[in-house]
>>> print(open('data.cif').read())   # mmCIF, C-alpha atoms and all ligand atoms
data_protein
loop_
_atom_site.group_PDB
_atom_site.id
_atom_site.type_symbol
_atom_site.label_atom_id
_atom_site.label_comp_id
_atom_site.auth_asym_id
_atom_site.auth_seq_id
_atom_site.Cartn_x
_atom_site.Cartn_y
_atom_site.Cartn_z
ATOM 1 C CA MET A 1 0.000 0.000 0.000
ATOM 2 C CA SER A 2 2.961 2.348 0.418
ATOM 3 C CA GLY A 3 4.772 4.460 -2.158
ATOM 4 C CA SER A 4 4.053 7.668 -3.945
ATOM 5 C CA LEU A 5 1.723 8.123 -6.901
ATOM 6 C CA PRO A 6 3.127 9.791 -10.004
ATOM 7 C CA VAL A 7 2.402 13.525 -10.034
ATOM 8 C CA THR A 8 0.511 14.527 -13.171
ATOM 9 C CA GLU A 9 -0.375 17.909 -14.627
ATOM 10 C CA ARG A 10 -3.769 17.526 -12.943
ATOM 11 C CA THR A 11 -2.554 16.429 -9.529
ATOM 12 C CA ARG A 12 0.394 18.791 -9.075
ATOM 13 C CA LEU A 13 -0.505 21.116 -6.209
ATOM 14 C CA ARG A 14 0.186 24.703 -7.199
ATOM 15 C CA ARG A 15 -1.420 26.448 -4.252
ATOM 16 C CA ARG A 16 0.307 25.730 -0.914
ATOM 17 C CA PRO A 17 2.024 22.577 -2.218
ATOM 18 C CA GLN A 18 3.618 22.049 1.203
ATOM 19 C CA ARG A 19 0.173 20.878 2.398
ATOM 20 C CA GLY A 20 -0.084 18.327 -0.368
ATOM 21 C CA SER A 21 0.911 14.702 -0.650
ATOM 22 C CA HIS A 22 0.836 12.003 -3.289
ATOM 23 C CA GLU A 23 1.758 9.258 -0.823
ATOM 24 C CA MET A 24 -0.603 6.323 -1.216
ATOM 25 C CA ASP A 25 -0.721 5.701 2.556
ATOM 26 C CA THR A 26 -1.784 9.298 3.210
ATOM 27 C CA ILE A 27 -4.418 9.180 0.466
ATOM 28 C CA LEU A 28 -5.856 5.866 1.666
ATOM 29 C CA ARG A 29 -5.970 6.990 5.288
ATOM 30 C CA ILE A 30 -8.057 10.020 4.344
ATOM 31 C CA LEU A 31 -10.328 7.895 2.140
ATOM 32 C CA ASP A 32 -10.730 5.249 4.836
ATOM 33 C CA ALA A 33 -11.806 7.846 7.398
ATOM 34 C CA GLY A 34 -14.845 8.792 5.332
ATOM 35 C CA LEU A 35 -17.834 7.443 3.498
ATOM 36 C CA LEU A 36 -19.149 10.455 1.587
ATOM 37 C CA CYS A 37 -17.597 11.738 -1.594
ATOM 38 C CA HIS A 38 -18.504 14.233 -4.317
ATOM 39 C CA VAL A 39 -18.328 12.967 -7.882
ATOM 40 C CA GLY A 40 -17.757 15.622 -10.558
ATOM 41 C CA TYR A 41 -18.434 14.893 -14.238
ATOM 42 C CA VAL A 42 -19.651 16.554 -17.399
ATOM 43 C CA ILE A 43 -22.715 15.525 -19.411
ATOM 44 C CA ALA A 44 -23.302 17.287 -22.717
ATOM 45 C CA GLY A 45 -21.006 20.131 -21.713
ATOM 46 C CA GLU A 46 -22.744 20.736 -18.382
ATOM 47 C CA PRO A 47 -20.852 20.180 -15.097
ATOM 48 C CA PHE A 48 -22.488 18.162 -12.310
ATOM 49 C CA VAL A 49 -21.221 17.271 -8.837
ATOM 50 C CA THR A 50 -23.125 14.536 -7.035
ATOM 51 C CA PRO A 51 -22.608 13.640 -3.369
ATOM 52 C CA THR A 52 -22.745 9.920 -2.705
ATOM 53 C CA ALA A 53 -21.427 7.159 -0.436
ATOM 54 C CA TYR A 54 -18.272 5.315 -1.472
ATOM 55 C CA TRP A 55 -16.111 2.447 -0.390
ATOM 56 C CA ARG A 56 -12.629 1.285 -1.230
ATOM 57 C CA GLU A 57 -11.309 -2.094 -2.224
ATOM 58 C CA GLY A 58 -7.545 -2.156 -2.636
ATOM 59 C CA HIS A 59 -6.653 0.663 -4.979
ATOM 60 C CA ARG A 60 -10.161 1.242 -6.388
ATOM 61 C CA LEU A 61 -12.987 3.481 -5.217
ATOM 62 C CA TYR A 62 -16.563 2.259 -5.684
ATOM 63 C CA TRP A 63 -19.979 3.840 -5.485
ATOM 64 C CA HIS A 64 -23.441 2.641 -6.429
ATOM 65 C CA GLY A 65 -27.033 3.653 -6.823
ATOM 66 C CA SER A 66 -30.256 3.106 -8.677
ATOM 67 C CA ALA A 67 -29.835 2.132 -12.324
ATOM 68 C CA ALA A 68 -32.313 4.966 -12.966
ATOM 69 C CA SER A 69 -29.898 7.571 -11.530
ATOM 70 C CA ARG A 70 -28.804 10.060 -14.159
ATOM 71 C CA MET A 71 -25.298 10.035 -12.694
ATOM 72 C CA LEU A 72 -24.969 6.269 -12.827
ATOM 73 C CA ARG A 73 -26.494 5.968 -16.291
ATOM 74 C CA ALA A 74 -23.932 8.493 -17.507
ATOM 75 C CA LEU A 75 -20.976 6.936 -15.692
ATOM 76 C CA ALA A 76 -21.647 3.241 -16.361
ATOM 77 C CA PRO A 77 -20.367 3.285 -19.979
ATOM 78 C CA GLY A 78 -17.161 4.981 -18.764
ATOM 79 C CA LEU A 79 -16.686 8.725 -18.247
ATOM 80 C CA PRO A 80 -13.876 10.876 -16.822
ATOM 81 C CA VAL A 81 -14.664 11.933 -13.256
ATOM 82 C CA CYS A 82 -13.047 13.885 -10.456
ATOM 83 C CA VAL A 83 -13.945 12.528 -7.014
ATOM 84 C CA THR A 84 -13.283 14.476 -3.827
ATOM 85 C CA VAL A 85 -13.433 13.420 -0.187
ATOM 86 C CA SER A 86 -12.994 15.997 2.551
ATOM 87 C CA HIS A 87 -13.022 16.100 6.330
ATOM 88 C CA LEU A 88 -13.512 19.336 8.251
ATOM 89 C CA ASP A 89 -11.246 19.150 11.313
ATOM 90 C CA GLY A 90 -11.433 22.590 12.800
ATOM 91 C CA LEU A 91 -12.308 26.275 12.610
ATOM 92 C CA VAL A 92 -9.331 28.614 12.713
ATOM 93 C CA LEU A 93 -10.057 32.017 14.241
ATOM 94 C CA SER A 94 -7.227 34.370 13.459
ATOM 95 C CA ARG A 95 -6.578 38.004 14.281
ATOM 96 C CA THR A 96 -7.665 39.343 10.885
ATOM 97 C CA GLY A 97 -10.790 38.629 8.853
ATOM 98 C CA PHE A 98 -8.805 37.404 5.882
ATOM 99 C CA THR A 99 -6.715 34.852 7.784
ATOM 100 C CA HIS A 100 -9.649 32.935 9.249
ATOM 101 C CA SER A 101 -9.419 29.433 7.909
ATOM 102 C CA VAL A 102 -10.328 25.801 8.478
ATOM 103 C CA LEU A 103 -8.400 22.640 9.270
ATOM 104 C CA TYR A 104 -9.052 19.797 6.861
ATOM 105 C CA ARG A 105 -7.920 16.592 5.213
ATOM 106 C CA SER A 106 -8.967 16.002 1.638
ATOM 107 C CA VAL A 107 -8.313 13.835 -1.387
ATOM 108 C CA VAL A 108 -8.910 14.427 -5.076
ATOM 109 C CA VAL A 109 -8.965 11.408 -7.416
ATOM 110 C CA PHE A 110 -9.149 11.615 -11.212
ATOM 111 C CA GLY A 111 -10.135 8.597 -13.273
ATOM 112 C CA ARG A 112 -12.373 7.030 -15.843
ATOM 113 C CA THR A 113 -15.304 5.068 -14.479
ATOM 114 C CA ALA A 114 -15.820 1.374 -15.161
ATOM 115 C CA ALA A 115 -19.107 -0.371 -14.432
ATOM 116 C CA VAL A 116 -19.408 -3.639 -12.553
ATOM 117 C CA ALA A 117 -21.605 -5.208 -15.180
ATOM 118 C CA ASP A 118 -22.552 -8.717 -14.067
ATOM 119 C CA ARG A 119 -24.624 -9.868 -11.106
ATOM 120 C CA ASP A 120 -21.793 -11.758 -9.423
ATOM 121 C CA GLY A 121 -19.551 -8.721 -9.565
ATOM 122 C CA LYS A 122 -22.311 -6.484 -8.200
ATOM 123 C CA ARG A 123 -23.043 -8.978 -5.441
ATOM 124 C CA ARG A 124 -19.369 -9.088 -4.433
ATOM 125 C CA ALA A 125 -19.087 -5.305 -4.552
ATOM 126 C CA MET A 126 -22.213 -4.802 -2.439
ATOM 127 C CA ASP A 127 -21.011 -7.436 0.038
ATOM 128 C CA ALA A 128 -17.731 -5.527 0.360
ATOM 129 C CA PHE A 129 -19.670 -2.275 0.970
ATOM 130 C CA LEU A 130 -21.741 -3.842 3.753
ATOM 131 C CA ASP A 131 -18.768 -5.671 5.278
ATOM 132 C CA ARG A 132 -16.737 -2.480 5.289
ATOM 133 C CA LEU A 133 -19.362 -0.613 7.328
ATOM 134 C CA TYR A 134 -21.126 -3.375 9.255
ATOM 135 C CA PRO A 135 -18.906 -6.371 9.930
ATOM 136 C CA GLY A 136 -20.772 -9.599 10.643
ATOM 137 C CA ARG A 137 -24.116 -8.214 9.531
ATOM 138 C CA ARG A 138 -24.475 -9.601 6.035
ATOM 139 C CA GLN A 139 -24.740 -13.177 7.277
ATOM 140 C CA GLU A 140 -27.862 -12.265 9.292
ATOM 141 C CA LEU A 141 -29.708 -10.645 6.407
ATOM 142 C CA ARG A 142 -32.077 -11.984 3.796
ATOM 143 C CA PRO A 143 -29.938 -12.923 0.764
ATOM 144 C CA THR A 144 -29.863 -10.313 -1.981
ATOM 145 C CA GLU A 145 -32.204 -11.067 -4.869
ATOM 146 C CA ASN A 146 -31.256 -10.901 -8.544
ATOM 147 C CA ALA A 147 -33.923 -8.268 -9.161
ATOM 148 C CA GLU A 148 -32.241 -6.062 -6.547
ATOM 149 C CA LEU A 149 -28.882 -6.442 -8.269
ATOM 150 C CA ASP A 150 -30.450 -5.677 -11.653
ATOM 151 C CA ALA A 151 -31.908 -2.465 -10.261
ATOM 152 C CA ILE A 152 -28.534 -0.931 -9.359
ATOM 153 C CA GLU A 153 -25.376 0.211 -11.070
ATOM 154 C CA VAL A 154 -21.975 -0.111 -9.391
ATOM 155 C CA VAL A 155 -19.078 1.896 -10.790
ATOM 156 C CA SER A 156 -15.459 2.309 -9.775
ATOM 157 C CA ILE A 157 -12.289 4.221 -10.583
ATOM 158 C CA PRO A 158 -8.671 3.279 -9.925
ATOM 159 C CA ILE A 159 -6.783 5.256 -7.270
ATOM 160 C CA GLU A 160 -3.897 5.991 -9.619
ATOM 161 C CA GLU A 161 -4.058 9.709 -10.271
ATOM 162 C CA ALA A 162 -4.745 11.321 -6.928
ATOM 163 C CA SER A 163 -3.564 13.880 -4.416
ATOM 164 C CA ALA A 164 -4.114 14.606 -0.745
ATOM 165 C CA LYS A 165 -4.034 17.938 1.025
ATOM 166 C CA ILE A 166 -3.921 18.489 4.769
ATOM 167 C CA ARG A 167 -4.274 21.762 6.638
ATOM 168 C CA ASP A 168 -3.392 21.152 10.273
ATOM 169 C CA GLY A 169 -1.774 23.203 12.992
ATOM 170 C CA GLY A 170 -3.326 26.469 14.075
ATOM 171 C CA VAL A 171 -3.461 30.206 13.561
ATOM 172 C CA LEU A 172 -1.006 31.597 11.000
ATOM 173 C CA ASP A 173 -1.080 35.299 11.720
ATOM 174 C CA LYS A 174 1.670 37.650 10.660
ATOM 175 C CA GLU A 175 4.015 38.996 13.338
ATOM 176 C CA GLU A 176 2.550 42.515 13.011
ATOM 177 C CA ASP A 177 -0.993 41.241 13.749
ATOM 178 C CA LEU A 178 -0.145 39.358 16.955
ATOM 179 C CA GLY A 179 -0.975 42.408 19.089
ATOM 180 C CA VAL A 180 -4.654 42.498 18.018
ATOM 181 C CA PRO A 181 -6.604 42.055 21.293
ATOM 182 C CA CYS A 182 -9.093 39.360 20.231
ATOM 183 C CA TRP A 183 -9.533 35.677 20.920
ATOM 184 C CA ALA A 184 -7.581 33.568 18.441
ATOM 185 C CA GLY A 185 -7.193 29.832 18.151
ATOM 186 C CA VAL A 186 -8.778 26.657 16.841
ATOM 187 C CA ILE A 187 -12.219 25.189 17.516
ATOM 188 C CA PRO A 188 -11.853 21.491 16.689
ATOM 189 C CA VAL A 189 -14.630 19.845 14.689
ATOM 190 C CA ARG A 190 -15.453 16.164 14.572
ATOM 191 C CA ALA A 191 -18.412 14.009 13.535
ATOM 192 C CA THR A 192 -19.575 11.971 16.505
ATOM 193 C CA LEU A 193 -22.134 9.176 16.622
ATOM 194 C CA GLY A 194 -25.392 9.451 18.485
ATOM 195 C CA ALA A 195 -27.087 6.732 20.548
ATOM 196 C CA SER A 196 -28.465 3.953 18.350
ATOM 197 C CA ARG A 197 -32.288 3.815 18.022
ATOM 198 C CA PRO A 198 -33.548 0.257 17.542
ATOM 199 C CA ASP A 199 -36.402 -0.087 15.076
ATOM 200 C CA SER A 200 -39.753 -0.988 16.629
ATOM 201 C CA GLY A 201 -40.510 -4.689 16.516
ATOM 202 C CA ILE A 202 -36.962 -5.983 16.098
ATOM 203 C CA LEU A 203 -36.676 -9.652 17.039
ATOM 204 C CA THR A 204 -33.243 -9.373 18.664
ATOM 205 C CA ASP A 205 -31.562 -7.682 21.592
ATOM 206 C CA PRO A 206 -32.058 -3.900 21.241
ATOM 207 C CA ALA A 207 -28.357 -3.339 21.985
ATOM 208 C CA LEU A 208 -26.059 -3.168 18.969
ATOM 209 C CA PRO A 209 -24.537 -6.562 18.141
ATOM 210 C CA ALA A 210 -20.945 -7.119 19.330
ATOM 211 C CA PRO A 211 -19.255 -6.614 15.911
ATOM 212 C CA LEU A 212 -20.888 -3.173 15.719
ATOM 213 C CA ALA A 213 -19.950 -2.148 19.256
ATOM 214 C CA GLY A 214 -17.563 0.467 17.848
ATOM 215 C CA TYR A 215 -20.633 2.485 16.790
ATOM 216 C CA ARG A 216 -21.157 3.602 20.390
ATOM 217 C CA ALA A 217 -22.609 6.999 21.231
ATOM 218 C CA GLY A 218 -19.906 9.656 21.394
ATOM 219 C CA ALA A 219 -17.412 7.737 19.224
ATOM 220 C CA SER A 220 -15.758 9.647 16.411
ATOM 221 C CA LEU A 221 -17.027 8.459 13.022
ATOM 222 C CA ASP A 222 -13.521 8.923 11.562
ATOM 223 C CA GLU A 223 -11.991 6.699 14.161
ATOM 224 C CA VAL A 224 -14.666 4.006 13.856
ATOM 225 C CA LEU A 225 -14.227 3.903 10.077
ATOM 226 C CA LEU A 226 -10.435 3.851 10.313
ATOM 227 C CA ALA A 227 -10.522 1.071 12.895
ATOM 228 C CA MET A 228 -12.740 -0.994 10.586
ATOM 229 C CA ALA A 229 -10.490 -0.335 7.605
ATOM 230 C CA SER A 230 -7.415 -1.468 9.516
ATOM 231 C CA ARG A 231 -9.321 -4.573 10.677
ATOM 232 C CA ASP A 232 -10.071 -5.315 7.000
ATOM 233 C CA ALA A 233 -6.401 -4.804 6.087
ATOM 234 C CA ALA A 234 -5.307 -7.116 8.913
ATOM 235 C CA GLY A 235 -7.942 -9.704 7.997
HETATM 236 C C1 LIG B 301 -13.031 21.605 3.962
HETATM 237 C C2 LIG B 301 -12.161 22.460 3.067
HETATM 238 C C3 LIG B 301 -12.307 23.836 3.065
HETATM 239 C C4 LIG B 301 -11.506 24.638 2.250
HETATM 240 N N1 LIG B 301 -11.703 25.977 2.255
HETATM 241 C C5 LIG B 301 -11.002 26.751 1.408
HETATM 242 C C6 LIG B 301 -11.249 28.147 1.287
HETATM 243 O O1 LIG B 301 -12.121 28.697 1.949
HETATM 244 N N2 LIG B 301 -10.532 28.862 0.401
HETATM 245 C C7 LIG B 301 -9.572 28.282 -0.380
HETATM 246 O O2 LIG B 301 -8.934 28.960 -1.194
HETATM 247 N N3 LIG B 301 -9.304 26.965 -0.281
HETATM 248 C C8 LIG B 301 -10.002 26.196 0.579
HETATM 249 N N4 LIG B 301 -9.748 24.846 0.645
HETATM 250 C C9 LIG B 301 -8.633 24.331 -0.160
HETATM 251 C C10 LIG B 301 -9.120 24.053 -1.581
HETATM 252 O O3 LIG B 301 -9.604 22.717 -1.622
HETATM 253 C C11 LIG B 301 -7.995 24.164 -2.623
HETATM 254 O O4 LIG B 301 -6.901 23.363 -2.244
HETATM 255 C C12 LIG B 301 -7.513 25.596 -2.808
HETATM 256 O O5 LIG B 301 -8.594 26.480 -3.019
HETATM 257 C C13 LIG B 301 -6.559 25.697 -3.996
HETATM 258 O O6 LIG B 301 -7.300 25.380 -5.175
HETATM 259 P P1 LIG B 301 -6.544 25.411 -6.569
HETATM 260 O O7 LIG B 301 -7.503 25.004 -7.609
HETATM 261 O O8 LIG B 301 -5.812 26.711 -6.722
HETATM 262 O O9 LIG B 301 -5.458 24.255 -6.318
HETATM 263 P P2 LIG B 301 -4.287 23.767 -7.204
HETATM 264 O O10 LIG B 301 -3.116 23.571 -6.302
HETATM 265 O O11 LIG B 301 -4.128 24.576 -8.437
HETATM 266 O O12 LIG B 301 -4.865 22.334 -7.628
HETATM 267 C C14 LIG B 301 -4.076 21.488 -8.450
HETATM 268 C C15 LIG B 301 -4.274 20.075 -8.018
HETATM 269 O O13 LIG B 301 -3.858 19.940 -6.662
HETATM 270 C C16 LIG B 301 -4.677 18.998 -6.010
HETATM 271 N N5 LIG B 301 -5.461 19.654 -4.936
HETATM 272 C C17 LIG B 301 -5.835 20.932 -4.814
HETATM 273 N N6 LIG B 301 -6.581 21.120 -3.716
HETATM 274 C C18 LIG B 301 -6.694 19.915 -3.149
HETATM 275 C C19 LIG B 301 -7.355 19.458 -1.992
HETATM 276 N N7 LIG B 301 -8.045 20.298 -1.179
HETATM 277 N N8 LIG B 301 -7.266 18.150 -1.680
HETATM 278 C C20 LIG B 301 -6.563 17.291 -2.454
HETATM 279 N N9 LIG B 301 -5.922 17.664 -3.566
HETATM 280 C C21 LIG B 301 -5.981 18.961 -3.903
HETATM 281 C C22 LIG B 301 -5.646 18.448 -7.060
HETATM 282 O O14 LIG B 301 -5.083 17.278 -7.645
HETATM 283 C C23 LIG B 301 -5.721 19.592 -8.045
HETATM 284 O O15 LIG B 301 -6.156 19.177 -9.307
HETATM 285 C C24 LIG B 301 -10.523 24.030 1.430
HETATM 286 C C25 LIG B 301 -10.380 22.645 1.441
HETATM 287 C C26 LIG B 301 -11.202 21.871 2.230
HETATM 288 C C27 LIG B 301 -11.033 20.381 2.186
#
>>> encode(input="data.cif", output="structure tokens", more="lines below")
Ligand SMILES: Cc1cc2nc3c(=O)[nH]c(=O)nc-3n(C[C@H](O)[C@H](O)[C@H](O)COP(=O)(O)OP(=O)(O)OC[C@H]3O[C@@H](n4cnc5c(N)ncnc54)[C@H](O)[C@@H]3O)c2cc1C
Amino acid sequence: MSGSLPVTERTRLRRRPQRGSHEMDTILRILDAGLLCHVGYVIAGEPFVTPTAYWREGHRLYWHGSAASRMLRALAPGLPVCVTVSHLDGLVLSRTGFTHSVLYRSVVVFGRTAAVADRDGKRRAMDAFLDRLYPGRRQELRPTENAELDAIEVVSIPIEEASAKIRDGGVLDKEEDLGVPCWAGVIPVRATLGASRPDSGILTDPALPAPLAGYRAGASLDEVLLAMASRDAAG
């Protein structure tokens, strides 16, 4: 998984390149800490950006949806896309209006989509999606039906042309502004999980099953997702 991706004309960071990285480990760690991406593409000269859930298998990113989705109908035959994933880590309150900023980790991936065309491939891909988020759950569920597989499209892109960018640290005020008498600093931001709400009429214990215990109230979503990704890598 380690090593650096080749830097292309599209992935060379021009603005604040010191915050950028093309290291595969860095890129995968940012991808593995999330599950929402934005897919950018062009149909008939018009730009669209669609938010959707994604998952990773090895060095490919996958997403799926209804076969009736305009995005998926356009992407299934193969189309160039730009996929972004970003995490907001903090609000940076500086001593001037223009130096207020945010802390973040983000990834940009360029690639051409490929569809998972056959039912077996879709079944495997959807199993991987469920396993990635909810270990041990698939075995308890009603088996997926062919009609369900026929009703979706699954597409993927290789993680071959990609960059990461990380803004961490704190306030970056100029020396001459340090005397401004205002509060300055960072307000950290993180997505935390709430208490689970069992559906009415469930036939099992209302507590979350043991393999999902990481989804406890107050846990950081990032950390839960990263822990599950490293479990997958170890397994
Ligand atoms: C949550 C969040 C909030 C942000 N807020 C602001 C803001 O308010 N103002 C602002 O100017 N910028 C902000 N950024 C940074 C922004 O994403 C761009 O990096 C920045 O605007 C420079 O854009 P550019 O097109 O000049 O980059 P360039 O350096 O010209 O982009 C060239 C290539 O570098 C890579 N690259 C650029 N940006 C990123 C990135 N963020 N992640 C991964 N790869 C990247 C891509 O491969 C891109 O094609 C924010 C980023 C995030 C994640």
>>> residues_near_ligand(input="data.cif", ligand="ligand LIG 301 (chain B)", cutoff="10 Å", atoms="only C-alpha atoms and all ligand atoms", output="PyMOL selection string")
chain A and resi 7-17+19-22+27+82-91+100-110+161-167
>>> resolve_selection(input="data.cif", expression="the PyMOL selection byres (((chain A and resi 137) around 12) and not hetatm)", output="ChimeraX atom specification")
/A:127-136,138-143,208-212
>>> closest_residue(input="data.cif", among="A:Ala115, A:Thr204, A:Thr50, A:Leu93", to="Pro188 of chain A", atoms="all atoms listed in the file")
A:Leu93
>>> resolve_selection(input="data.cif", expression="the PyMOL selection byres (((chain A and resi 215) around 12) and not hetatm)", output="list in words")
Leu133, Tyr134, Pro135, Thr192, Leu193, Gly194, Ala195, Ser196, Arg197, Ala207, Leu208, Pro209, Ala210, Pro211, Leu212, Ala213, Gly214, Arg216, Ala217, Gly218, Ala219, Ser220, Leu221, Asp222, Glu223, Val224, Leu225, Ala227 and Met228 of chain A
>>> write_last_selection(input="data.cif", atoms="C-alpha atoms", output="PDB file, in the coordinates of the input")
ATOM      1  CA  LEU A 133     -19.362  -0.613   7.328  1.00  0.00           C
ATOM      2  CA  TYR A 134     -21.126  -3.375   9.255  1.00  0.00           C
ATOM      3  CA  PRO A 135     -18.906  -6.371   9.930  1.00  0.00           C
ATOM      4  CA  THR A 192     -19.575  11.971  16.505  1.00  0.00           C
ATOM      5  CA  LEU A 193     -22.134   9.176  16.622  1.00  0.00           C
ATOM      6  CA  GLY A 194     -25.392   9.451  18.485  1.00  0.00           C
ATOM      7  CA  ALA A 195     -27.087   6.732  20.548  1.00  0.00           C
ATOM      8  CA  SER A 196     -28.465   3.953  18.350  1.00  0.00           C
ATOM      9  CA  ARG A 197     -32.288   3.815  18.022  1.00  0.00           C
ATOM     10  CA  ALA A 207     -28.357  -3.339  21.985  1.00  0.00           C
ATOM     11  CA  LEU A 208     -26.059  -3.168  18.969  1.00  0.00           C
ATOM     12  CA  PRO A 209     -24.537  -6.562  18.141  1.00  0.00           C
ATOM     13  CA  ALA A 210     -20.945  -7.119  19.330  1.00  0.00           C
ATOM     14  CA  PRO A 211     -19.255  -6.614  15.911  1.00  0.00           C
ATOM     15  CA  LEU A 212     -20.888  -3.173  15.719  1.00  0.00           C
ATOM     16  CA  ALA A 213     -19.950  -2.148  19.256  1.00  0.00           C
ATOM     17  CA  GLY A 214     -17.563   0.467  17.848  1.00  0.00           C
ATOM     18  CA  ARG A 216     -21.157   3.602  20.390  1.00  0.00           C
ATOM     19  CA  ALA A 217     -22.609   6.999  21.231  1.00  0.00           C
ATOM     20  CA  GLY A 218     -19.906   9.656  21.394  1.00  0.00           C
ATOM     21  CA  ALA A 219     -17.412   7.737  19.224  1.00  0.00           C
ATOM     22  CA  SER A 220     -15.758   9.647  16.411  1.00  0.00           C
ATOM     23  CA  LEU A 221     -17.027   8.459  13.022  1.00  0.00           C
ATOM     24  CA  ASP A 222     -13.521   8.923  11.562  1.00  0.00           C
ATOM     25  CA  GLU A 223     -11.991   6.699  14.161  1.00  0.00           C
ATOM     26  CA  VAL A 224     -14.666   4.006  13.856  1.00  0.00           C
ATOM     27  CA  LEU A 225     -14.227   3.903  10.077  1.00  0.00           C
ATOM     28  CA  ALA A 227     -10.522   1.071  12.895  1.00  0.00           C
ATOM     29  CA  MET A 228     -12.740  -0.994  10.586  1.00  0.00           C
TER      30      MET A 228
END
>>> atom_distance(input="data.cif", atom1="atom CA of Thr52 of chain A", atom2="atom CA of Arg29 of chain A")
18.8 Å
>>> residues_around(input="data.cif", residues="Arg95 of chain A", least_positions_apart="2", cutoff="7 Å", atoms="only C-alpha atoms", output="JSON, numbers by chain")
{"A": [93, 97, 173, 177, 180, 182, 184]}
>>> write_last_selection(input="data.cif", atoms="C-alpha atoms", output="mmCIF file, in the coordinates of the input")
data_model
loop_
_atom_site.group_PDB
_atom_site.id
_atom_site.type_symbol
_atom_site.label_atom_id
_atom_site.label_comp_id
_atom_site.auth_asym_id
_atom_site.auth_seq_id
_atom_site.Cartn_x
_atom_site.Cartn_y
_atom_site.Cartn_z
ATOM 1 C CA LEU A 93 -10.057 32.017 14.241
ATOM 2 C CA GLY A 97 -10.790 38.629 8.853
ATOM 3 C CA ASP A 173 -1.080 35.299 11.720
ATOM 4 C CA ASP A 177 -0.993 41.241 13.749
ATOM 5 C CA VAL A 180 -4.654 42.498 18.018
ATOM 6 C CA CYS A 182 -9.093 39.360 20.231
ATOM 7 C CA ALA A 184 -7.581 33.568 18.441
#
>>> resolve_selection(input="data.cif", expression="the PyMOL selection byres (((chain A and resi 60) around 9) and not hetatm)", output="PyMOL selection string")
chain A and resi 55-59+61-62+156-160
>>> atom_distance(input="data.cif", atom1="atom CA of Val189 of chain A", atom2="atom CA of Asp168 of chain A")
12.1 Å
>>> closest_residue(input="data.cif", among="A:Asp199, A:Glu23, A:Asp32, A:Glu145", to="Ala233 of chain A", atoms="all atoms listed in the file")
A:Asp32
>>> closest_residue(input="data.cif", among="A:Thr144, A:Ser2, A:Ser94, A:Gln18", to="Gly170 of chain A", atoms="all atoms listed in the file")
A:Ser94
>>> atom_distance(input="data.cif", atom1="atom CA of Leu72 of chain A", atom2="atom CA of Ala33 of chain A")
24.2 Å
>>> axis_aligned_box(input="data.cif", around="segment 20-37 of chain A", padding_each_side="3 Å", output="lines of an AutoDock Vina configuration file")
center_x = -8.7
center_y = 11.8
center_z = 2.1
size_x = 26.9
size_y = 19.1
size_z = 16.7
>>> closest_residue(input="data.cif", among="A:Tyr54, A:Trp63, A:Trp183, A:Phe48", to="Thr113 of chain A", atoms="all atoms listed in the file")
A:Trp63
>>> residues_near_point(input="data.cif", point="(-26.6, -9.3, -15.3)", cutoff="9 Å", atoms="all atoms listed in the file", output="list of chain:residue names")
A:Ala117, A:Asp118, A:Arg119, A:Asp120, A:Lys122, A:Asn146, A:Leu149, A:Asp150
>>> closest_residue(input="data.cif", among="A:Met24, A:Ala125, A:Leu35, A:Leu5", to="Leu226 of chain A", atoms="only C-alpha atoms")
A:Leu35
